[in-house]
Amino acid sequence: MARIGARRAVGAAIGAVLVAAALTACSGAGGGGAGGSNSINVLMVNNPQMVDLQKLTADNFTKQTGITVNFTVLPENDVRDKISQDFSSQAGQYDVATISNYEIPFYAKNGWLAPLDDHIAKDTAFDQNDILAPMRVSLTADDGKVYGEPFYGESSFLMYRKDVFAAKGLTMPANPTWQQVADLAAQVDGAQPGMKGICLRGQPGWGEVMAPLDTVVNTFGGAWFTKDWQAQLTSPEFKQATQFYVDLVKAHGESGAPQAGFSECLNNLEQGKVAMWYDATSAAGSLEASDSPVAGKLGYVPAPVMKTKSSGWLYTWAWGVQKASSKQDNAWKFISWASGKDYENLVGKQLGWSRVPAGKRSSTYDNPDYVKAAGPFASQTKDAISNADPKNPGVQPRPTLGIQFVDIPEFTDLGTQVSQQISSAIAGSTTVDAALTAGQALAEKVATKYQGK
């Protein structure tokens, strides 16, 4: 899903490094078709974890296997476009690409990806069963075959200032409901000068405001579509959830909420401008960093619920192999290394355990070195991911996979258009009813493509 979690939790300095790395990678190293028979071309997003991978590949993977890896590294929107173009045409320019659990099911259905099951069966050292179950499910298509392996993953949880709550004599429930969160937001609003009760994304985008809002819709009993593709945006449950979210952020949320996304909320919590934040588990690494003003002051509890037992989202950047690739064996060797246990240990020892691409393997959370570095949030992150259910995130059957998105190609446009309406409601320029009525019409048009199929 677009721009969730640590992919945007970088400051200007890190951003400059990434741009430089991307430009270096794209000027000569990443050209399609480059290299001989013992090389592969990898197209990937320019997130910090991938830039680390690029730096470590030659001295480790290539040295061990003799396989040269030609990287093309691009910003998220650009890389998605390029992957879609190359894989849909089956041009075979790239052997491996970073693809999320949003794309994998319909990429597989379209015949753009090579199944990985035979490689998994032969590569016992990879230990597929160590991959967290929700990740395995989200990267498995309707035909029962695996089409991707996660590089790192995330869910969502509620972060809060323990010191502020203690000063106010408040206790955060171990498993809060959304109503309890709203009540607490009202009580901590103004607890410190300029502090608001909670930060919730309001910025337009299917991967911005719709990400947390969709989890609220799910646990309130709503859904975008019924199992037989009937649009549900004007259902009582969808309306109630959206009205609750909009009311909460308007009453006790951050200033500038209609423009606030992940990065803005991260800054607000770090700078003491909000007492709570519901968002990606990957945010915790930045919040607990040695230079963070709130390190050691935060508590972490599961995503708030209403009608469901859990409500956290699920996202992973994963590796997919183009079906047209003539180097699938070498492609698997790279994936097995990049998503393997040994790579995590390599990152931990050479770059620091806080930079391990976590959120995908059960064994990561048994590693004492990693747990020591990620102690305040490690178990909470694992639990959030383990409890995520991409098949059944709500209270009724769904037509396709997805927690914070609907796993169809049209959702990028549909979700973005609906998000613009929701953001306008947060800004006060329209009502929730009007926003969802407009969204319903858009969803109905999309649904007609799938009804009866």
# chains A, B, ... in the order shown; residues from 1 in each chain; ligands from 1
>>> select_by_dssp(residues="region 219-372 of chain A", states="helix (DSSP H, G or I)", output="ChimeraX atom specification")
/A:219,236-252,257-259,262-270,283-287,328-338,341-350,353-355,363-366,368-372
>>> write_last_selection(atoms="C-alpha atoms", output="mmCIF file, in the first residue's frame")
data_model
loop_
_atom_site.group_PDB
_atom_site.id
_atom_site.type_symbol
_atom_site.label_atom_id
_atom_site.label_comp_id
_atom_site.auth_asym_id
_atom_site.auth_seq_id
_atom_site.Cartn_x
_atom_site.Cartn_y
_atom_site.Cartn_z
ATOM 1 C CA THR A 219 -13.904 -3.227 13.381
ATOM 2 C CA PRO A 236 -24.837 2.226 8.581
ATOM 3 C CA GLU A 237 -21.591 0.591 9.748
ATOM 4 C CA PHE A 238 -19.377 2.355 7.218
ATOM 5 C CA LYS A 239 -21.055 5.679 8.009
ATOM 6 C CA GLN A 240 -20.779 5.202 11.766
ATOM 7 C CA ALA A 241 -17.066 4.366 11.566
ATOM 8 C CA THR A 242 -16.253 7.276 9.269
ATOM 9 C CA GLN A 243 -18.283 9.747 11.309
ATOM 10 C CA PHE A 244 -16.538 8.542 14.483
ATOM 11 C CA TYR A 245 -13.100 8.966 12.899
ATOM 12 C CA VAL A 246 -13.863 12.411 11.484
ATOM 13 C CA ASP A 247 -15.436 13.621 14.726
ATOM 14 C CA LEU A 248 -12.502 12.361 16.807
ATOM 15 C CA VAL A 249 -9.811 13.999 14.715
ATOM 16 C CA LYS A 250 -11.782 17.244 14.463
ATOM 17 C CA ALA A 251 -12.436 17.422 18.216
ATOM 18 C CA HIS A 252 -9.148 16.186 19.671
ATOM 19 C CA ALA A 257 -5.264 17.297 10.181
ATOM 20 C CA PRO A 258 -6.517 17.396 6.556
ATOM 21 C CA GLN A 259 -2.879 17.604 5.437
ATOM 22 C CA PHE A 262 2.382 9.466 8.544
ATOM 23 C CA SER A 263 5.356 11.825 8.623
ATOM 24 C CA GLU A 264 3.371 14.701 10.116
ATOM 25 C CA CYS A 265 1.951 12.517 12.891
ATOM 26 C CA LEU A 266 5.393 11.073 13.601
ATOM 27 C CA ASN A 267 6.745 14.581 14.052
ATOM 28 C CA ASN A 268 3.765 15.586 16.195
ATOM 29 C CA LEU A 269 4.309 12.715 18.635
ATOM 30 C CA GLU A 270 8.068 13.253 18.750
ATOM 31 C CA ALA A 283 7.040 4.065 13.449
ATOM 32 C CA ALA A 284 8.301 2.744 16.769
ATOM 33 C CA GLY A 285 11.876 2.392 15.549
ATOM 34 C CA SER A 286 12.098 6.131 14.945
ATOM 35 C CA LEU A 287 10.273 7.014 18.149
ATOM 36 C CA GLN A 328 14.559 -17.724 -12.038
ATOM 37 C CA ASP A 329 17.001 -19.994 -10.203
ATOM 38 C CA ASN A 330 19.421 -17.133 -9.605
ATOM 39 C CA ALA A 331 16.487 -14.872 -8.751
ATOM 40 C CA TRP A 332 15.441 -17.301 -6.027
ATOM 41 C CA LYS A 333 18.978 -17.462 -4.629
ATOM 42 C CA PHE A 334 18.880 -13.687 -4.226
ATOM 43 C CA ILE A 335 15.430 -13.747 -2.603
ATOM 44 C CA SER A 336 16.404 -16.577 -0.286
ATOM 45 C CA TRP A 337 19.397 -14.529 0.869
ATOM 46 C CA ALA A 338 17.644 -11.155 1.131
ATOM 47 C CA LYS A 341 17.643 -15.301 8.659
ATOM 48 C CA ASP A 342 21.337 -14.887 7.849
ATOM 49 C CA TYR A 343 20.674 -11.537 6.175
ATOM 50 C CA GLU A 344 18.978 -10.210 9.306
ATOM 51 C CA ASN A 345 22.011 -11.252 11.341
ATOM 52 C CA LEU A 346 24.292 -9.589 8.795
ATOM 53 C CA VAL A 347 22.408 -6.286 9.086
ATOM 54 C CA GLY A 348 22.343 -6.486 12.859
ATOM 55 C CA LYS A 349 26.071 -7.075 13.162
ATOM 56 C CA GLN A 350 27.248 -4.658 10.475
ATOM 57 C CA TRP A 353 19.978 -4.276 15.131
ATOM 58 C CA SER A 354 17.568 -1.362 14.892
ATOM 59 C CA ARG A 355 18.048 -1.475 11.099
ATOM 60 C CA SER A 363 12.631 -16.151 14.754
ATOM 61 C CA THR A 364 13.444 -12.427 14.634
ATOM 62 C CA TYR A 365 11.482 -11.985 17.836
ATOM 63 C CA ASP A 366 13.396 -14.794 19.522
ATOM 64 C CA PRO A 368 18.025 -11.631 21.973
ATOM 65 C CA ASP A 369 20.095 -9.020 20.133
ATOM 66 C CA TYR A 370 17.113 -7.758 18.171
ATOM 67 C CA VAL A 371 14.762 -7.913 21.153
ATOM 68 C CA LYS A 372 17.224 -5.884 23.204
#
>>> residues_around(residues="region 149-156 of chain A", least_positions_apart="3", cutoff="9 Å", atoms="only C-alpha atoms", output="MDAnalysis selection string")
chainID A and resid 5 49:50 98 100:101 116 128 131 135:136 139 146 212 278:282 302:303 311:320 335:336 338:340 356:361 381:382 384:386 388
>>> residues_around(residues="region 291-301 of chain A", least_positions_apart="2", cutoff="8 Å", atoms="only C-alpha atoms", output="PyMOL selection string")
chain A and resi 157-163+174-176+269-272+286-289+303+376-377+380
>>> residues_around(residues="region 79-89 of chain A", least_positions_apart="3", cutoff="6 Å", atoms="only C-alpha atoms", output="compact mmCIF listing (two decimals) with N, CA and C atoms, in the first residue's frame")
# COMPACT_ATOMS: atom_id res chain seq x y z
N VAL A 45 12.20 -0.36 -4.66
CA VAL A 45 11.87 0.93 -4.09
C VAL A 45 13.06 1.46 -3.30
N LEU A 74 14.32 3.22 -7.33
CA LEU A 74 13.47 4.37 -7.66
C LEU A 74 12.52 4.70 -6.52
N PRO A 75 12.03 5.95 -6.46
CA PRO A 75 10.99 6.30 -5.49
C PRO A 75 9.74 5.46 -5.70
N GLU A 76 8.91 5.36 -4.66
CA GLU A 76 7.80 4.41 -4.67
C GLU A 76 6.86 4.55 -5.86
N TRP A 112 1.70 -12.63 -14.36
CA TRP A 112 2.91 -11.82 -14.46
C TRP A 112 4.03 -12.32 -13.56
>>> closest_residue(among="A:Ser326, A:Thr308, A:Ser419, A:Thr430", to="Trp206 (chain A)", atoms="only C-alpha atoms")
A:Ser419
>>> residues_around(residues="region 52-58 of chain A", least_positions_apart="6", cutoff="8 Å", atoms="only C-alpha atoms", output="MDAnalysis selection string")
chainID A and resid 68:69 71 338
>>> residues_around(residues="Pro393 (chain A)", least_positions_apart="6", cutoff="12 Å", atoms="only C-alpha atoms", output="VMD selection string")
chain A and resid 134 214 to 224 305 307 to 314 387 399 to 406
>>> write_last_selection(atoms="N, CA and C atoms", output="mmCIF file, in the first residue's frame")
data_model
loop_
_atom_site.group_PDB
_atom_site.id
_atom_site.type_symbol
_atom_site.label_atom_id
_atom_site.label_comp_id
_atom_site.auth_asym_id
_atom_site.auth_seq_id
_atom_site.Cartn_x
_atom_site.Cartn_y
_atom_site.Cartn_z
ATOM 1 N N PRO A 134 0.321 -14.510 8.700
ATOM 2 C CA PRO A 134 -0.414 -13.526 7.885
ATOM 3 C C PRO A 134 0.362 -13.084 6.654
ATOM 4 N N ASP A 214 -9.755 2.585 7.221
ATOM 5 C CA ASP A 214 -10.278 1.278 6.819
ATOM 6 C C ASP A 214 -10.268 0.284 7.967
ATOM 7 N N THR A 215 -9.254 0.365 8.845
ATOM 8 C CA THR A 215 -9.240 -0.552 9.981
ATOM 9 C C THR A 215 -10.353 -0.209 10.974
ATOM 10 N N VAL A 216 -10.680 1.068 11.073
ATOM 11 C CA VAL A 216 -11.803 1.474 11.922
ATOM 12 C C VAL A 216 -13.121 0.973 11.318
ATOM 13 N N VAL A 217 -13.260 1.121 10.012
ATOM 14 C CA VAL A 217 -14.458 0.625 9.325
ATOM 15 C C VAL A 217 -14.623 -0.876 9.561
ATOM 16 N N ASN A 218 -13.537 -1.628 9.426
ATOM 17 C CA ASN A 218 -13.609 -3.077 9.616
ATOM 18 C C ASN A 218 -14.126 -3.448 10.996
ATOM 19 N N THR A 219 -13.544 -2.825 12.021
ATOM 20 C CA THR A 219 -13.904 -3.227 13.381
ATOM 21 C C THR A 219 -15.258 -2.676 13.811
ATOM 22 N N PHE A 220 -15.768 -1.652 13.130
ATOM 23 C CA PHE A 220 -17.129 -1.172 13.367
ATOM 24 C C PHE A 220 -18.166 -2.025 12.634
ATOM 25 N N GLY A 221 -17.704 -2.966 11.838
ATOM 26 C CA GLY A 221 -18.614 -3.868 11.138
ATOM 27 C C GLY A 221 -18.859 -3.526 9.683
ATOM 28 N N GLY A 222 -18.118 -2.549 9.154
ATOM 29 C CA GLY A 222 -18.321 -2.137 7.776
ATOM 30 C C GLY A 222 -17.378 -2.820 6.806
ATOM 31 N N ALA A 223 -17.585 -2.572 5.515
ATOM 32 C CA ALA A 223 -16.742 -3.108 4.450
ATOM 33 C C ALA A 223 -16.991 -2.305 3.188
ATOM 34 N N TRP A 224 -16.009 -2.291 2.294
ATOM 35 C CA TRP A 224 -16.185 -1.605 1.014
ATOM 36 C C TRP A 224 -17.207 -2.334 0.141
ATOM 37 N N VAL A 305 -10.414 -1.596 18.961
ATOM 38 C CA VAL A 305 -11.443 -2.432 18.340
ATOM 39 C C VAL A 305 -12.843 -1.990 18.759
ATOM 40 N N LYS A 307 -16.088 -4.336 17.190
ATOM 41 C CA LYS A 307 -16.788 -5.608 17.018
ATOM 42 C C LYS A 307 -15.863 -6.773 16.698
ATOM 43 N N THR A 308 -14.600 -6.505 16.474
ATOM 44 C CA THR A 308 -13.647 -7.563 16.152
ATOM 45 C C THR A 308 -12.635 -7.709 17.281
ATOM 46 N N LYS A 309 -11.940 -8.859 17.302
ATOM 47 C CA LYS A 309 -10.947 -9.097 18.343
ATOM 48 C C LYS A 309 -9.665 -8.303 18.092
ATOM 49 N N SER A 310 -9.361 -8.069 16.837
ATOM 50 C CA SER A 310 -8.181 -7.285 16.484
ATOM 51 C C SER A 310 -8.519 -6.432 15.272
ATOM 52 N N SER A 311 -7.695 -5.440 14.976
ATOM 53 C CA SER A 311 -8.019 -4.578 13.832
ATOM 54 C C SER A 311 -6.790 -3.977 13.161
ATOM 55 N N GLY A 312 -5.607 -4.483 13.481
ATOM 56 C CA GLY A 312 -4.400 -3.944 12.873
ATOM 57 C C GLY A 312 -4.313 -4.260 11.386
ATOM 58 N N TRP A 313 -3.653 -3.367 10.631
ATOM 59 C CA TRP A 313 -3.520 -3.619 9.206
ATOM 60 C C TRP A 313 -2.336 -4.541 8.948
ATOM 61 N N LEU A 314 -2.085 -4.843 7.676
ATOM 62 C CA LEU A 314 -0.984 -5.718 7.298
ATOM 63 C C LEU A 314 -0.370 -5.214 6.003
ATOM 64 N N ASN A 387 -1.765 -11.261 14.544
ATOM 65 C CA ASN A 387 -3.224 -11.225 14.706
ATOM 66 C C ASN A 387 -3.948 -10.635 13.503
ATOM 67 N N PRO A 399 -14.928 -10.150 -0.698
ATOM 68 C CA PRO A 399 -14.732 -10.726 -2.031
ATOM 69 C C PRO A 399 -13.274 -10.946 -2.396
ATOM 70 N N THR A 400 -12.355 -10.353 -1.616
ATOM 71 C CA THR A 400 -10.938 -10.479 -1.938
ATOM 72 C C THR A 400 -10.114 -10.178 -0.696
ATOM 73 N N LEU A 401 -8.814 -10.431 -0.764
ATOM 74 C CA LEU A 401 -7.922 -10.142 0.354
ATOM 75 C C LEU A 401 -7.820 -8.643 0.614
ATOM 76 N N GLY A 402 -7.382 -8.300 1.816
ATOM 77 C CA GLY A 402 -7.096 -6.904 2.119
ATOM 78 C C GLY A 402 -7.701 -6.441 3.424
ATOM 79 N N ILE A 403 -6.900 -5.743 4.219
ATOM 80 C CA ILE A 403 -7.372 -5.155 5.474
ATOM 81 C C ILE A 403 -7.553 -3.654 5.300
ATOM 82 N N GLN A 404 -6.470 -2.966 4.933
ATOM 83 C CA GLN A 404 -6.531 -1.511 4.764
ATOM 84 C C GLN A 404 -6.639 -1.131 3.292
ATOM 85 N N PHE A 405 -6.964 -2.104 2.463
ATOM 86 C CA PHE A 405 -7.227 -1.860 1.044
ATOM 87 C C PHE A 405 -8.078 -3.001 0.509
ATOM 88 N N VAL A 406 -8.648 -2.807 -0.676
ATOM 89 C CA VAL A 406 -9.352 -3.869 -1.380
ATOM 90 C C VAL A 406 -8.423 -4.341 -2.489
#
>>> select_by_dssp(residues="region 58-177 of chain A", states="strand (DSSP E)", output="JSON, numbers by chain")
{"A": [68, 69, 70, 71, 72, 73, 74, 96, 97, 98, 99, 100, 149, 150, 151, 152, 153, 154, 156, 157, 158, 159, 160, 161]}
>>> closest_residue(among="A:Ile120, A:Lys449, A:Ser423, A:Ala91", to="Leu200 (chain A)", atoms="only C-alpha atoms")
A:Ser423
>>> atom_distance(atom1="CA of Asn367 (chain A)", atom2="CA of Ala133 (chain A)")
18.5 Å
>>> residues_around(residues="Gly194 (chain A)", least_positions_apart="5", cutoff="10 Å", atoms="only C-alpha atoms", output="number ranges by chain")
A: 189, 254-255, 272-274
>>> closest_residue(among="A:Met276, A:Ala191, A:Ala108, A:Ala441", to="Met172 (chain A)", atoms="only C-alpha atoms")
A:Met276
>>> atom_distance(atom1="CA of His119 (chain A)", atom2="CA of Val51 (chain A)")
25.8 Å
